[in-house]
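J.: So here's final.cif (mmCIF, C-alpha atoms).
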```cif
data_work
#
loop_
_atom_site.label_atom_id
_atom_site.label_comp_id
_atom_site.auth_asym_id
_atom_site.auth_seq_id
_atom_site.Cartn_x
_atom_site.Cartn_y
_atom_site.Cartn_z
CA MET A 24 -21.95 4.60 17.59
CA SER A 25 -23.41 3.85 14.15
CA PHE A 26 -22.54 5.36 10.78
CA ALA A 27 -25.87 7.22 10.84
CA GLU A 28 -24.77 9.09 13.97
CA LEU A 29 -21.70 10.43 12.16
CA GLY A 30 -23.81 12.70 9.98
CA LEU A 31 -23.57 10.82 6.69
CA SER A 32 -26.28 11.14 4.07
CA ALA A 33 -28.91 8.49 3.36
CA GLU A 34 -27.27 7.67 0.00
CA LEU A 35 -23.92 6.95 1.64
CA LEU A 36 -25.48 4.99 4.50
CA ARG A 37 -27.25 2.83 1.93
CA ALA A 38 -23.97 2.06 0.19
CA VAL A 39 -22.18 1.34 3.48
CA SER A 40 -24.96 -0.99 4.61
CA ALA A 41 -24.83 -2.89 1.32
CA GLN A 42 -21.17 -3.70 2.08
CA GLY A 43 -22.18 -5.26 5.39
CA TYR A 44 -20.64 -2.59 7.62
CA THR A 45 -22.66 -1.61 10.68
CA GLN A 46 -20.25 0.09 13.07
CA PRO A 47 -17.44 2.52 12.18
CA THR A 48 -13.85 1.69 13.08
CA PRO A 49 -11.89 4.01 15.42
CA ILE A 50 -10.24 5.90 12.54
CA GLN A 51 -13.66 6.41 10.94
CA LEU A 52 -15.19 7.58 14.22
CA GLN A 53 -12.60 10.32 14.54
CA SER A 54 -11.99 11.27 10.91
CA ILE A 55 -15.49 11.45 9.42
CA PRO A 56 -16.88 14.19 11.72
CA ALA A 57 -13.64 16.20 11.47
CA ILE A 58 -13.61 16.08 7.67
CA LEU A 59 -17.30 16.96 7.49
CA ALA A 60 -16.41 19.99 9.66
CA ARG A 61 -13.90 21.00 6.94
CA ARG A 62 -10.81 20.35 9.07
CA ASP A 63 -7.45 19.34 7.63
CA ILE A 64 -6.42 15.91 8.94
CA LEU A 65 -3.10 14.32 9.90
CA ALA A 66 -4.01 10.71 10.62
CA GLY A 67 -1.68 7.98 11.83
CA ALA A 68 -3.39 4.65 11.24
CA GLN A 69 -2.16 1.20 10.36
CA THR A 70 -3.29 -0.18 7.05
CA GLY A 71 -6.43 -2.27 7.39
CA THR A 72 -8.06 0.02 9.96
CA GLY A 73 -10.70 1.30 7.56
CA LYS A 74 -8.92 4.52 6.62
CA THR A 75 -10.09 4.47 2.98
CA ALA A 76 -13.72 4.81 4.04
CA ALA A 77 -12.61 7.32 6.69
CA PHE A 78 -11.74 9.86 4.01
CA THR A 79 -13.85 8.63 1.08
CA LEU A 80 -17.26 8.85 2.78
CA PRO A 81 -17.05 12.44 4.08
CA MET A 82 -15.29 13.64 0.93
CA LEU A 83 -18.08 12.25 -1.25
CA GLN A 84 -20.71 13.82 0.97
CA LEU A 85 -19.15 17.28 0.80
CA LEU A 86 -18.68 17.02 -2.96
CA SER A 87 -22.30 15.95 -3.45
CA GLN A 88 -23.49 18.99 -1.50
CA SER A 89 -21.66 21.35 -3.84
CA SER A 90 -23.43 22.69 -6.91
CA ALA A 91 -20.32 22.65 -9.09
CA ARG A 92 -20.63 20.22 -12.00
CA GLY A 93 -17.87 21.26 -14.39
CA ARG A 94 -15.48 19.10 -16.37
CA LEU A 95 -12.44 19.54 -14.10
CA PRO A 96 -11.85 17.31 -11.07
CA ARG A 97 -12.64 18.63 -7.60
CA ALA A 98 -10.94 15.96 -5.51
CA LEU A 99 -7.52 14.34 -5.92
CA VAL A 100 -6.34 11.25 -4.06
CA LEU A 101 -2.65 10.40 -4.47
CA THR A 102 -1.45 6.86 -3.76
CA PRO A 103 1.98 5.20 -4.06
CA THR A 104 1.05 2.19 -6.23
CA ARG A 105 -1.24 1.09 -9.05
CA GLU A 106 -2.91 -1.52 -6.87
CA LEU A 107 -3.77 0.95 -4.14
CA ALA A 108 -5.04 3.48 -6.69
CA ALA A 109 -7.29 0.80 -8.20
CA GLN A 110 -8.63 -0.23 -4.81
CA VAL A 111 -9.25 3.30 -3.54
CA GLY A 112 -10.91 4.08 -6.87
CA GLU A 113 -13.17 1.06 -6.44
CA SER A 114 -14.12 2.23 -2.93
CA VAL A 115 -15.01 5.66 -4.32
CA ARG A 116 -17.20 3.99 -6.94
CA ILE A 117 -18.93 1.67 -4.46
CA TYR A 118 -19.60 4.28 -1.78
CA GLY A 119 -20.65 6.88 -4.32
CA GLN A 120 -22.90 4.65 -6.40
CA HIS A 121 -26.07 6.49 -5.30
CA LEU A 122 -24.57 9.94 -5.87
CA SER A 123 -24.24 11.80 -9.17
CA LEU A 124 -20.47 12.01 -8.96
CA ARG A 125 -17.94 10.82 -11.54
CA SER A 126 -14.66 9.22 -10.58
CA MET A 127 -11.68 7.62 -12.31
CA GLN A 128 -8.27 6.10 -11.66
CA ILE A 129 -5.02 7.26 -13.26
CA PHE A 130 -1.93 5.05 -13.07
CA GLY A 131 0.78 3.61 -15.29
CA GLY A 132 1.08 0.19 -16.83
CA VAL A 133 -1.99 0.73 -19.01
CA GLY A 134 -2.65 2.84 -22.08
CA MET A 135 -3.27 6.57 -21.69
CA GLY A 136 -5.98 6.72 -24.36
CA PRO A 137 -8.94 5.56 -22.25
CA GLN A 138 -7.81 7.82 -19.40
CA VAL A 139 -7.66 10.81 -21.73
CA SER A 140 -11.17 10.07 -23.04
CA GLN A 141 -12.55 9.87 -19.52
CA LEU A 142 -10.88 13.12 -18.51
CA ARG A 143 -12.41 14.86 -21.52
CA ARG A 144 -15.88 13.69 -20.52
CA GLY A 145 -15.43 15.23 -17.10
CA VAL A 146 -14.72 13.81 -13.66
CA ASP A 147 -15.22 14.86 -10.03
CA VAL A 148 -12.77 12.55 -8.21
CA VAL A 149 -9.37 11.45 -9.52
CA VAL A 150 -7.42 8.69 -7.75
CA ALA A 151 -3.89 8.65 -9.12
CA THR A 152 -0.27 7.70 -8.78
CA PRO A 153 2.03 10.75 -9.02
CA GLY A 154 4.01 9.75 -12.11
CA ARG A 155 1.13 9.11 -14.49
CA LEU A 156 -0.76 12.12 -13.10
CA LEU A 157 2.14 14.41 -14.01
CA ASP A 158 2.33 12.78 -17.46
CA HIS A 159 -1.28 13.80 -18.13
CA ILE A 160 -0.69 17.29 -16.79
CA GLY A 161 2.41 17.68 -18.94
CA GLN A 162 0.47 16.66 -22.05
CA GLY A 163 -2.34 19.10 -21.31
CA ASN A 164 -4.93 16.41 -20.58
CA LEU A 165 -5.64 17.49 -17.01
CA GLU A 166 -5.91 20.66 -14.94
CA LEU A 167 -5.98 20.85 -11.16
CA SER A 168 -7.25 24.41 -10.80
CA GLU A 169 -10.62 23.34 -9.33
CA ILE A 170 -9.38 20.89 -6.70
CA GLU A 171 -11.20 21.26 -3.36
CA PHE A 172 -9.80 18.13 -1.66
CA LEU A 173 -6.28 16.71 -1.65
CA VAL A 174 -5.75 13.30 -0.03
CA LEU A 175 -2.29 11.78 0.41
CA ASP A 176 -2.88 8.11 1.16
CA GLU A 177 0.02 6.09 2.62
CA ALA A 178 2.16 9.19 2.53
CA ASP A 179 5.02 7.41 4.29
CA ARG A 180 5.33 4.93 1.45
CA MET A 181 5.22 7.65 -1.18
CA LEU A 182 8.17 9.32 0.50
CA ASP A 183 10.00 5.99 0.79
CA MET A 184 9.53 5.46 -2.94
CA GLY A 185 11.05 8.83 -3.79
CA PHE A 186 7.83 10.64 -4.71
CA ILE A 187 8.44 13.75 -2.59
CA HIS A 188 9.48 15.92 -5.56
CA ASP A 189 6.48 14.77 -7.61
CA ILE A 190 4.16 15.50 -4.69
CA ARG A 191 5.58 19.01 -4.35
CA ARG A 192 5.14 19.60 -8.08
CA VAL A 193 1.49 18.55 -7.83
CA ILE A 194 0.85 20.74 -4.77
CA LYS A 195 2.15 23.81 -6.63
CA LEU A 196 -0.55 23.28 -9.26
CA LEU A 197 -3.41 23.19 -6.76
CA PRO A 198 -5.58 26.11 -5.56
CA LYS A 199 -4.28 27.56 -2.30
CA VAL A 200 -7.69 27.21 -0.65
CA ARG A 201 -8.54 23.53 -0.28
CA GLN A 202 -8.98 20.78 2.31
CA ASN A 203 -5.96 18.52 2.89
CA LEU A 204 -6.06 14.99 4.33
CA LEU A 205 -2.81 13.13 5.04
CA PHE A 206 -2.84 9.47 6.09
CA SER A 207 0.30 7.59 7.08
CA ALA A 208 0.87 4.20 8.70
CA THR A 209 4.17 5.35 10.23
CA TYR A 210 5.63 8.71 11.16
CA SER A 211 9.06 10.06 10.35
CA ARG A 212 10.78 13.44 10.32
CA GLU A 213 9.98 13.73 6.60
CA ILE A 214 6.27 13.10 7.20
CA GLU A 215 6.18 15.77 9.91
CA GLN A 216 7.93 18.23 7.58
CA LEU A 217 5.49 17.47 4.76
CA ALA A 218 2.52 17.89 7.09
CA THR A 219 3.81 21.22 8.40
CA GLY A 220 4.06 22.67 4.90
CA LEU A 221 0.79 21.17 3.64
CA LEU A 222 -1.80 21.18 6.42
CA GLN A 223 -3.58 24.18 7.95
CA ASN A 224 -4.32 23.78 11.67
CA PRO A 225 -4.86 20.03 11.24
CA GLN A 226 -6.67 17.72 13.60
CA ARG A 227 -4.22 14.99 14.57
CA ILE A 228 -5.72 11.52 14.76
CA GLU A 229 -3.87 8.40 15.82
CA VAL A 230 -5.55 5.07 16.38
CA ALA A 231 -2.45 2.91 16.84
CA ARG A 232 0.91 3.46 18.47
CA ARG A 233 3.51 4.86 16.14
CA ASN A 234 5.40 2.35 14.03
CA THR A 235 3.66 -0.65 15.59
CA ALA A 236 1.80 -3.53 14.05
CA ALA A 237 -1.92 -4.10 14.39
CA GLU A 238 -2.79 -5.69 17.73
CA SER A 239 -5.10 -8.19 16.02
CA VAL A 240 -2.16 -9.89 14.26
CA GLU A 241 -0.49 -12.88 15.94
CA GLN A 242 3.23 -12.78 15.13
CA LEU A 243 5.53 -15.79 15.08
CA ALA A 244 9.13 -16.36 13.98
CA HIS A 245 10.32 -19.81 12.89
CA PRO A 246 14.13 -20.25 13.00
CA ILE A 247 15.07 -22.16 9.86
CA ALA A 248 18.09 -22.71 7.65
CA ARG A 249 17.79 -20.70 4.46
CA GLU A 250 17.90 -23.78 2.21
CA HIS A 251 14.99 -25.35 4.14
CA LYS A 252 12.66 -22.34 3.94
CA ARG A 253 10.69 -23.48 0.91
CA ALA A 254 10.10 -26.95 2.38
CA LEU A 255 8.93 -25.43 5.65
CA LEU A 256 6.57 -23.04 3.87
CA SER A 257 4.98 -25.93 1.94
CA HIS A 258 4.70 -27.89 5.19
CA LEU A 259 2.96 -25.01 6.99
CA ILE A 260 0.49 -24.46 4.15
CA ARG A 261 -0.41 -28.14 3.78
CA ASN A 262 -0.44 -29.16 7.45
CA GLY A 263 -2.21 -26.02 8.56
CA ASP A 264 -4.68 -26.29 5.68
CA TRP A 265 -3.99 -22.65 4.80
CA GLN A 266 -6.32 -21.76 1.95
CA GLN A 267 -5.12 -18.19 1.43
CA VAL A 268 -1.62 -16.96 2.22
CA LEU A 269 0.34 -13.91 1.06
CA VAL A 270 4.11 -14.52 0.96
CA PHE A 271 6.75 -11.78 0.78
CA THR A 272 10.16 -12.07 -0.88
CA ARG A 273 12.80 -9.40 -1.37
CA THR A 274 13.32 -9.79 -5.10
CA LYS A 275 11.33 -10.33 -8.29
CA HIS A 276 13.48 -13.34 -9.18
CA GLY A 277 12.87 -14.80 -5.73
CA ALA A 278 9.10 -14.34 -6.09
CA ASN A 279 9.04 -16.10 -9.46
CA ARG A 280 11.22 -18.96 -8.26
CA LEU A 281 9.24 -19.53 -5.06
CA ALA A 282 5.90 -19.54 -6.91
CA GLU A 283 7.26 -22.15 -9.31
CA GLN A 284 8.57 -24.29 -6.43
CA LEU A 285 5.24 -24.17 -4.62
CA GLU A 286 3.46 -25.24 -7.80
CA ARG A 287 5.81 -28.24 -8.01
CA ASP A 288 4.85 -29.03 -4.42
CA GLY A 289 1.19 -29.16 -5.47
CA ILE A 290 0.25 -25.76 -4.01
CA THR A 291 -1.33 -23.32 -6.45
CA ALA A 292 0.68 -20.10 -6.51
CA ALA A 293 1.18 -16.90 -8.50
CA ALA A 294 3.84 -14.19 -8.34
CA ILE A 295 3.19 -10.45 -8.40
CA HIS A 296 5.99 -7.90 -8.78
CA GLY A 297 7.12 -4.84 -10.70
CA ASN A 298 8.14 -6.68 -13.86
CA LYS A 299 4.65 -8.12 -14.29
CA SER A 300 2.29 -6.17 -16.54
CA GLN A 301 -0.64 -4.46 -14.89
CA GLY A 302 -2.97 -6.98 -16.52
CA ALA A 303 -0.99 -9.93 -15.15
CA ARG A 304 -0.93 -8.39 -11.67
CA THR A 305 -4.67 -7.76 -11.76
CA ARG A 306 -5.39 -11.33 -12.91
CA ALA A 307 -3.13 -12.84 -10.24
CA LEU A 308 -4.79 -10.78 -7.51
CA ALA A 309 -8.28 -11.70 -8.76
CA ALA A 310 -7.38 -15.41 -8.79
CA PHE A 311 -6.01 -15.11 -5.25
CA LYS A 312 -9.11 -13.33 -3.95
CA SER A 313 -11.43 -15.87 -5.60
CA GLY A 314 -9.53 -18.85 -4.17
CA THR A 315 -8.36 -20.17 -7.54
CA VAL A 316 -4.80 -19.49 -6.40
CA ARG A 317 -3.95 -20.46 -2.85
CA THR A 318 -0.66 -18.57 -2.46
CA LEU A 319 0.31 -15.14 -3.75
CA VAL A 320 4.06 -14.44 -3.69
CA ALA A 321 4.85 -10.73 -3.80
CA THR A 322 7.59 -8.14 -3.48
CA ASP A 323 7.04 -5.17 -1.19
CA ILE A 324 6.33 -2.61 -3.90
CA ALA A 325 3.79 -4.79 -5.71
CA ALA A 326 1.96 -5.76 -2.53
CA ARG A 327 1.72 -2.29 -1.01
CA GLY A 328 -1.93 -1.35 -0.54
CA LEU A 329 -3.39 -4.76 -1.40
CA ASP A 330 -6.85 -4.89 0.14
CA ILE A 331 -7.88 -8.49 0.76
CA ASP A 332 -10.81 -9.05 3.08
CA ARG A 333 -10.12 -11.38 6.02
CA LEU A 334 -6.74 -12.53 4.77
CA PRO A 335 -5.76 -15.09 7.44
CA HIS A 336 -2.03 -15.58 6.83
CA VAL A 337 0.99 -13.50 5.83
CA VAL A 338 4.44 -15.08 5.58
CA ASN A 339 7.75 -13.25 5.48
CA PHE A 340 9.73 -15.75 3.44
CA GLU A 341 12.57 -13.23 3.75
CA LEU A 342 12.62 -10.41 6.28
CA PRO A 343 12.66 -6.89 4.84
CA ASN A 344 15.84 -4.82 5.12
CA VAL A 345 13.88 -1.87 6.53
CA PRO A 346 12.03 -2.66 9.79
CA GLU A 347 9.09 -0.37 9.00
CA ASP A 348 8.35 -2.48 5.91
CA TYR A 349 7.60 -5.38 8.24
CA VAL A 350 4.74 -3.34 9.72
CA HIS A 351 3.32 -2.70 6.25
CA ARG A 352 3.66 -6.35 5.24
CA ILE A 353 1.86 -7.87 8.19
CA GLY A 354 -0.81 -5.17 7.95
CA ARG A 355 -2.23 -7.12 5.01
CA THR A 356 -3.83 -9.41 7.62
CA GLY A 357 -5.79 -8.59 10.78
CA ARG A 358 -7.63 -5.86 8.91
CA ALA A 359 -10.63 -3.88 10.17
CA GLY A 360 -10.99 -5.88 13.35
CA SER A 361 -10.50 -9.41 11.98
CA ASN A 362 -7.73 -11.65 13.32
CA GLY A 363 -4.72 -12.83 11.37
CA THR A 364 -1.35 -14.54 11.70
CA ALA A 365 2.00 -13.26 10.46
CA VAL A 366 4.78 -15.84 10.21
CA SER A 367 8.43 -15.03 9.55
CA LEU A 368 10.92 -17.66 8.36
CA VAL A 369 14.18 -16.44 9.90
CA SER A 370 17.56 -17.79 8.86
CA ALA A 371 20.77 -17.24 10.84
CA ASP A 372 21.84 -14.27 8.71
CA GLU A 373 18.52 -12.50 9.42
CA HIS A 374 18.77 -12.40 13.22
CA GLY A 375 19.98 -8.80 13.07
CA LEU A 376 17.00 -7.82 10.94
CA LEU A 377 14.61 -9.49 13.38
CA ALA A 378 16.16 -7.60 16.28
CA GLY A 379 15.69 -4.32 14.40
CA ILE A 380 12.04 -5.16 13.75
CA GLU A 381 11.48 -5.91 17.44
CA ARG A 382 13.00 -2.54 18.38
CA VAL A 383 10.57 -0.76 16.06
CA LEU A 384 7.64 -2.79 17.41
CA GLY A 385 8.67 -2.25 21.00
CA ARG A 386 8.07 -5.93 21.72
CA SER A 387 9.59 -9.35 21.10
CA ILE A 388 8.25 -11.83 18.56
CA GLU A 389 7.72 -15.38 19.77
CA ARG A 390 10.16 -17.93 18.32
CA GLN A 391 8.85 -21.39 17.47
CA LYS A 392 10.99 -24.22 16.11
CA ILE A 393 9.14 -26.66 13.89
CA ASP A 394 9.89 -30.34 14.47
CA GLY A 395 11.80 -31.89 11.62
CA PHE A 396 13.12 -28.57 10.25
CA SER A 397 16.61 -27.53 11.29
CA ASP A 398 17.81 -23.96 11.62
CA LEU A 399 21.38 -25.11 10.94
CA PRO A 400 22.59 -24.87 7.32
CA ALA A 401 23.41 -28.24 5.77
CA THR A 402 26.34 -26.95 3.74
CA PRO A 403 27.98 -23.55 3.36
CA GLY A 404 26.57 -21.55 0.45
CA ALA A 405 23.70 -23.94 -0.13
CA ASP A 406 21.60 -21.20 -1.72
CA PRO A 407 23.76 -19.27 -4.21
CA ASP A 408 20.88 -16.94 -5.13
CA ALA A 409 20.29 -15.77 -1.55
CA ARG A 410 21.35 -12.25 -0.79
CA ARG A 411 22.85 -11.65 2.62
CA PRO A 412 20.68 -8.99 4.26
CA ARG A 413 21.98 -6.02 6.20
CA PRO A 414 20.07 -4.60 9.17
CA GLN A 415 18.84 -1.04 8.73
CA HIS A 416 16.83 1.21 10.99
CA SER A 417 15.88 3.85 8.48
CA ARG A 418 15.71 3.98 4.72
CA PRO A 419 18.20 6.33 3.06
CA ARG A 420 16.52 8.18 0.25
CA THR A 421 19.02 6.85 -2.28
CA ASP A 422 18.26 3.27 -1.26
CA ALA A 423 14.55 3.80 -1.85
CA ARG A 424 15.15 5.22 -5.31
CA THR A 425 17.66 2.52 -6.19
CA GLN A 426 15.39 -0.29 -5.06
CA HIS A 427 12.47 1.21 -6.89
CA ALA A 428 14.49 1.60 -10.06
CA ARG A 429 15.32 -2.10 -9.88
CA ASP A 430 11.62 -2.97 -9.72
CA LYS A 431 10.70 -0.65 -12.58
CA PRO A 432 9.60 -2.36 -15.82
CA THR A 433 11.35 -1.28 -18.98
CA HIS A 434 9.18 0.70 -21.36
CA PRO A 435 10.51 2.06 -24.66
CA ARG A 436 8.55 5.32 -24.36
CA THR A 437 8.09 6.03 -20.66
CA GLY A 438 11.04 4.22 -19.12
CA GLY A 439 12.72 7.51 -18.26
CA ARG A 440 11.88 11.20 -18.13
CA LYS A 441 14.25 14.11 -18.23
CA SER A 442 14.09 16.66 -15.47
CA GLY A 443 14.97 20.31 -16.01
CA ASN A 444 17.96 20.96 -18.26
CA SER A 445 20.29 18.39 -16.79
CA GLY A 446 19.84 16.00 -19.71
CA ARG A 447 19.76 13.08 -17.31
CA ALA A 448 16.77 10.75 -16.95
CA ARG A 449 15.16 11.05 -13.52
CA PRO A 450 14.27 7.70 -11.88
CA ARG A 451 10.56 7.04 -12.07
CA ALA A 452 8.74 4.97 -9.54
CA ASN A 453 7.05 1.77 -10.63
CA VAL A 454 3.41 2.87 -10.66
#
```
Could you write out this file's structure as structure tokens?
T.:
Amino acid sequence: MSFAELGLSAELLRAVSAQGYTQPTPIQLQSIPAILARRDILAGAQTGTGKTAAFTLPMLQLLSQSSARGRLPRALVLTPTRELAAQVGESVRIYGQHLSLRSMQIFGGVGMGPQVSQLRRGVDVVVATPGRLLDHIGQGNLELSEIEFLVLDEADRMLDMGFIHDIRRVIKLLPKVRQNLLFSATYSREIEQLATGLLQNPQRIEVARRNTAAESVEQLAHPIAREHKRALLSHLIRNGDWQQVLVFTRTKHGANRLAEQLERDGITAAAIHGNKSQGARTRALAAFKSGTVRTLVATDIAARGLDIDRLPHVVNFELPNVPEDYVHRIGRTGRAGSNGTAVSLVSADEHGLLAGIERVLGRSIERQKIDGFSDLPATPGADPDARRPRPQHSRPRTDARTQHARDKPTHPRTGGRKSGNSGRARPRANV
């Protein structure tokens, strides 16, 4: 089936064709007709399956058919991170370029002035992170009384990052009659509870098994002593002639250190994490996409939602503590039907984490030892900066908030916000 058969307008088909897309992905095949029929949606789809276009295209069509052209926004897309907000906002701009609709992105890490000016000029679609959105609402810059569409993108990650209270605050400000679209890569009890309270008679769509990785991703695990990981990573990049590889570490310090070590090995690298300014993160991502930088080293929060076409390689330099995060990480590759490889460098103290990941996947990951690289530590405590991981099978809410607080950049004005009359600063997510 083609995009034309889904009932999209000529203007949208023109924009889709210009991007080189000819056939819709499974999530688009199911979501676009349902959204055009004004159904609420609960969609379970791995990242990289084309879900952004699955909600953006029909939403833009329905908005363009409405005669309303006021100053207040009519569609709101909430995302967990700045990067994802920027990328969804860019998709809205690209797909809507032949329509007379106005869109903008609202997220932290940049000045509020330009955002305020754009809001005053009027906008139809707002793509936002919850924290900065509530800042604008609190300062009287934005009203949500005319919202017709609410999209929660990567809802599972927003809950993991402690955004549930912010999401509920936003929902209370919306008109009761609206269309709701919820997209989540994984399901949990909290997601089901959120969907029950938010969605009206939703159409459930699922294009991948729950909590599993994309089938187009080849997964390998290389047993390796922790102190030999960096040497093995350099070996894999050079010998495999990897021109573009996204590498995950657990900590900001680890990301910085690994990027510096790779540079010393003659491999161009940049780090991206929560302590980097938005400008630095944007420049690093642009350099990576253009090929100027061969390796991008990232923490989970910074890399969530990165949209990189045909990314061939993802490396887990350190396994995540939460198995579901592994699914999100390797979903950066094998996107929208292309193939990719996810490699994990697994030290002895991470075997428990790997077993937890395999339980979530419902399958084993092939182990491959690399000649010349031992999985036995040379000396006890060879890497004093390494943190011993602990296997987990679910993320306690306090852990998510604590981790996110660690990744939050300090800001003299917005570093904390008081909630209610408690007099205590409420942790704010790094958006």
J.: Name the residues that the PyMOL selection byres ((chain A and resi 105-109) around 6) picks from the file above, as a compact mmCIF listing (two decimals) with C-alpha atoms, keeping the file's coordinate frame, using the file's chain letters and numbers.
T.:
```
# COMPACT_ATOMS: atom_id res chain seq x y z
CA THR A 102 -1.45 6.86 -3.76
CA THR A 104 1.05 2.19 -6.23
CA GLN A 110 -8.63 -0.23 -4.81
CA VAL A 111 -9.25 3.30 -3.54
CA GLY A 112 -10.91 4.08 -6.87
CA PHE A 130 -1.93 5.05 -13.07
CA VAL A 150 -7.42 8.69 -7.75
CA ALA A 151 -3.89 8.65 -9.12
CA GLY A 328 -1.93 -1.35 -0.54
CA VAL A 454 3.41 2.87 -10.66
```
J.: May I ask which of the residues A:Asp147, A:Asp348, A:Glu34, A:Asp183 is the closest one to Leu167 in chain A, counting all atoms listed in the file?
T.: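 Closest residue, counting all atoms listed in the file: A:Asp147.
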J.: Interatomic distance between CA of Ile214 in chain A and CA of Arg97 in chain A?
T.: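 Computing the Euclidean distance for CA of Ile214 in chain A and CA of Arg97 in chain A yields 24.6 Å.
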J.: So, with only C-alpha atoms as the atoms that count, which of A:Asn164, A:Gln284, A:Asn279, A:Asn224 lies closest to Ile64 in chain A?
T.: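 Using only C-alpha atoms, the shortest distance to Ile64 in chain A belongs to A:Asn224.
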J.: Please provide as an mmCIF file with C-alpha atoms, keeping the file's coordinate frame all residues within 6 Å of range 192-206 of chain A, with the sequence filter that same-chain residues fewer than 3 positions apart are discarded (counting all atoms listed in the file).
T.:
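Result went into out_9.cif, see below:
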```cif
data_model
loop_
_atom_site.group_PDB
_atom_site.id
_atom_site.type_symbol
_atom_site.label_atom_id
_atom_site.label_comp_id
_atom_site.auth_asym_id
_atom_site.auth_seq_id
_atom_site.Cartn_x
_atom_site.Cartn_y
_atom_site.Cartn_z
ATOM 1 C CA ASP A 63 -7.450 19.340 7.630
ATOM 2 C CA ILE A 64 -6.420 15.910 8.940
ATOM 3 C CA LEU A 65 -3.100 14.320 9.900
ATOM 4 C CA ALA A 66 -4.010 10.710 10.620
ATOM 5 C CA LEU A 167 -5.980 20.850 -11.160
ATOM 6 C CA SER A 168 -7.250 24.410 -10.800
ATOM 7 C CA GLU A 171 -11.200 21.260 -3.360
ATOM 8 C CA PHE A 172 -9.800 18.130 -1.660
ATOM 9 C CA LEU A 173 -6.280 16.710 -1.650
ATOM 10 C CA VAL A 174 -5.750 13.300 -0.030
ATOM 11 C CA LEU A 175 -2.290 11.780 0.410
ATOM 12 C CA ASP A 176 -2.880 8.110 1.160
ATOM 13 C CA GLU A 177 0.020 6.090 2.620
ATOM 14 C CA ASP A 189 6.480 14.770 -7.610
#
```
J.: Can you give me, as a list in words, the residues this file yields under the PyMOL selection byres ((chain A and resi 315) around 12)?
T.: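 Applied to this file, the PyMOL selection byres ((chain A and resi 315) around 12) returns Gln266, Gln267, Ile290, Thr291, Ala292, Ala293, Arg306, Ala307, Leu308, Ala309, Ala310, Phe311, Lys312, Ser313, Gly314, Val316, Arg317, Thr318 and Leu319 of chain A.
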J.: Restricted to C-alpha atoms, what would the selected residues look like written as a compact mmCIF listing (two decimals), keeping the file's coordinate frame?
T.:
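Listed below is the output, out.txt:
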```txt
# COMPACT_ATOMS: atom_id res chain seq x y z
CA GLN A 266 -6.32 -21.76 1.95
CA GLN A 267 -5.12 -18.19 1.43
CA ILE A 290 0.25 -25.76 -4.01
CA THR A 291 -1.33 -23.32 -6.45
CA ALA A 292 0.68 -20.10 -6.51
CA ALA A 293 1.18 -16.90 -8.50
CA ARG A 306 -5.39 -11.33 -12.91
CA ALA A 307 -3.13 -12.84 -10.24
CA LEU A 308 -4.79 -10.78 -7.51
CA ALA A 309 -8.28 -11.70 -8.76
CA ALA A 310 -7.38 -15.41 -8.79
CA PHE A 311 -6.01 -15.11 -5.25
CA LYS A 312 -9.11 -13.33 -3.95
CA SER A 313 -11.43 -15.87 -5.60
CA GLY A 314 -9.53 -18.85 -4.17
CA VAL A 316 -4.80 -19.49 -6.40
CA ARG A 317 -3.95 -20.46 -2.85
CA THR A 318 -0.66 -18.57 -2.46
CA LEU A 319 0.31 -15.14 -3.75
```
J.: Residues near range 142-145 of chain A, anyone? I mean within 8 Å using all atoms listed in the file, not counting same-chain ones fewer than 5 positions away, as a CSV table (one decimal) with C-alpha atoms, keeping the file's coordinate frame.
T.:
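Output contents, as saved in out33.csv:
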```csv
chain,number,residue,atom,x,y,z
A,93,GLY,CA,-17.9,21.3,-14.4
A,94,ARG,CA,-15.5,19.1,-16.4
A,95,LEU,CA,-12.4,19.5,-14.1
A,96,PRO,CA,-11.8,17.3,-11.1
A,125,ARG,CA,-17.9,10.8,-11.5
A,164,ASN,CA,-4.9,16.4,-20.6
A,165,LEU,CA,-5.6,17.5,-17.0
```
J.: Translate the PyMOL selection byres ((chain A and resi 367) around 8) into a concrete residue list for this structure, as JSON, numbers by chain.
T.: {"A": [242, 243, 244, 245, 338, 339, 340, 341, 342, 365, 366, 368, 369]}
J.: Provide the CA of Val240 in chain A to CA of Leu256 in chain A distance in Å, to one decimal place.
T.: 18.9 Å
J.: So what do you get for CA of Arg261 in chain A versus CA of Ser387 in chain A, distance-wise?
T.: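 It comes out at 27.4 Å.
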J.: Between A:Ile160, A:Thr322, A:Ile170, A:Leu376, which residue has the minimum interatomic distance to Gly277 in chain A, considering all atoms listed in the file?
T.: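 The shortest atom-to-atom distance to Gly277 in chain A comes from A:Thr322.
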J.: Set the distance at 10 Å and use all atoms listed in the file: which residues neighbour Pro56 in chain A once local chain neighbours fewer than 6 positions away are removed? I'd like the list as a count of residues only.
T.: 7
J.: Select, counting all atoms listed in the file, all protein, DNA and RNA residues no farther than 9 Å from (-18.3, 3.3, -1.7) in file coordinates, and express the selection as a list in words.
T.: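 Neighbouring residues, ordered by chain and number, come to Leu35, Ala38, Val39, Gln42, Ala76, Thr79, Leu80, Leu83, Glu113, Ser114, Val115, Arg116, Ile117, Tyr118, Gly119 and Gln120 of chain A.
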J.: Distance cut-off 8 Å, centre (-20.1, 6.4, 15.5) in file coordinates, counting all atoms listed in the file: which residues qualify? Return them as a tab-separated table (two decimals) with C-alpha atoms, in the coordinates of the input.
T.:
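Listed below is the output, part-v4.tsv:
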```
chain	number	residue	atom	x	y	z
A	24	MET	CA	-21.95	4.60	17.59
A	25	SER	CA	-23.41	3.85	14.15
A	26	PHE	CA	-22.54	5.36	10.78
A	27	ALA	CA	-25.87	7.22	10.84
A	28	GLU	CA	-24.77	9.09	13.97
A	29	LEU	CA	-21.70	10.43	12.16
A	46	GLN	CA	-20.25	0.09	13.07
A	47	PRO	CA	-17.44	2.52	12.18
A	51	GLN	CA	-13.66	6.41	10.94
A	52	LEU	CA	-15.19	7.58	14.22
```
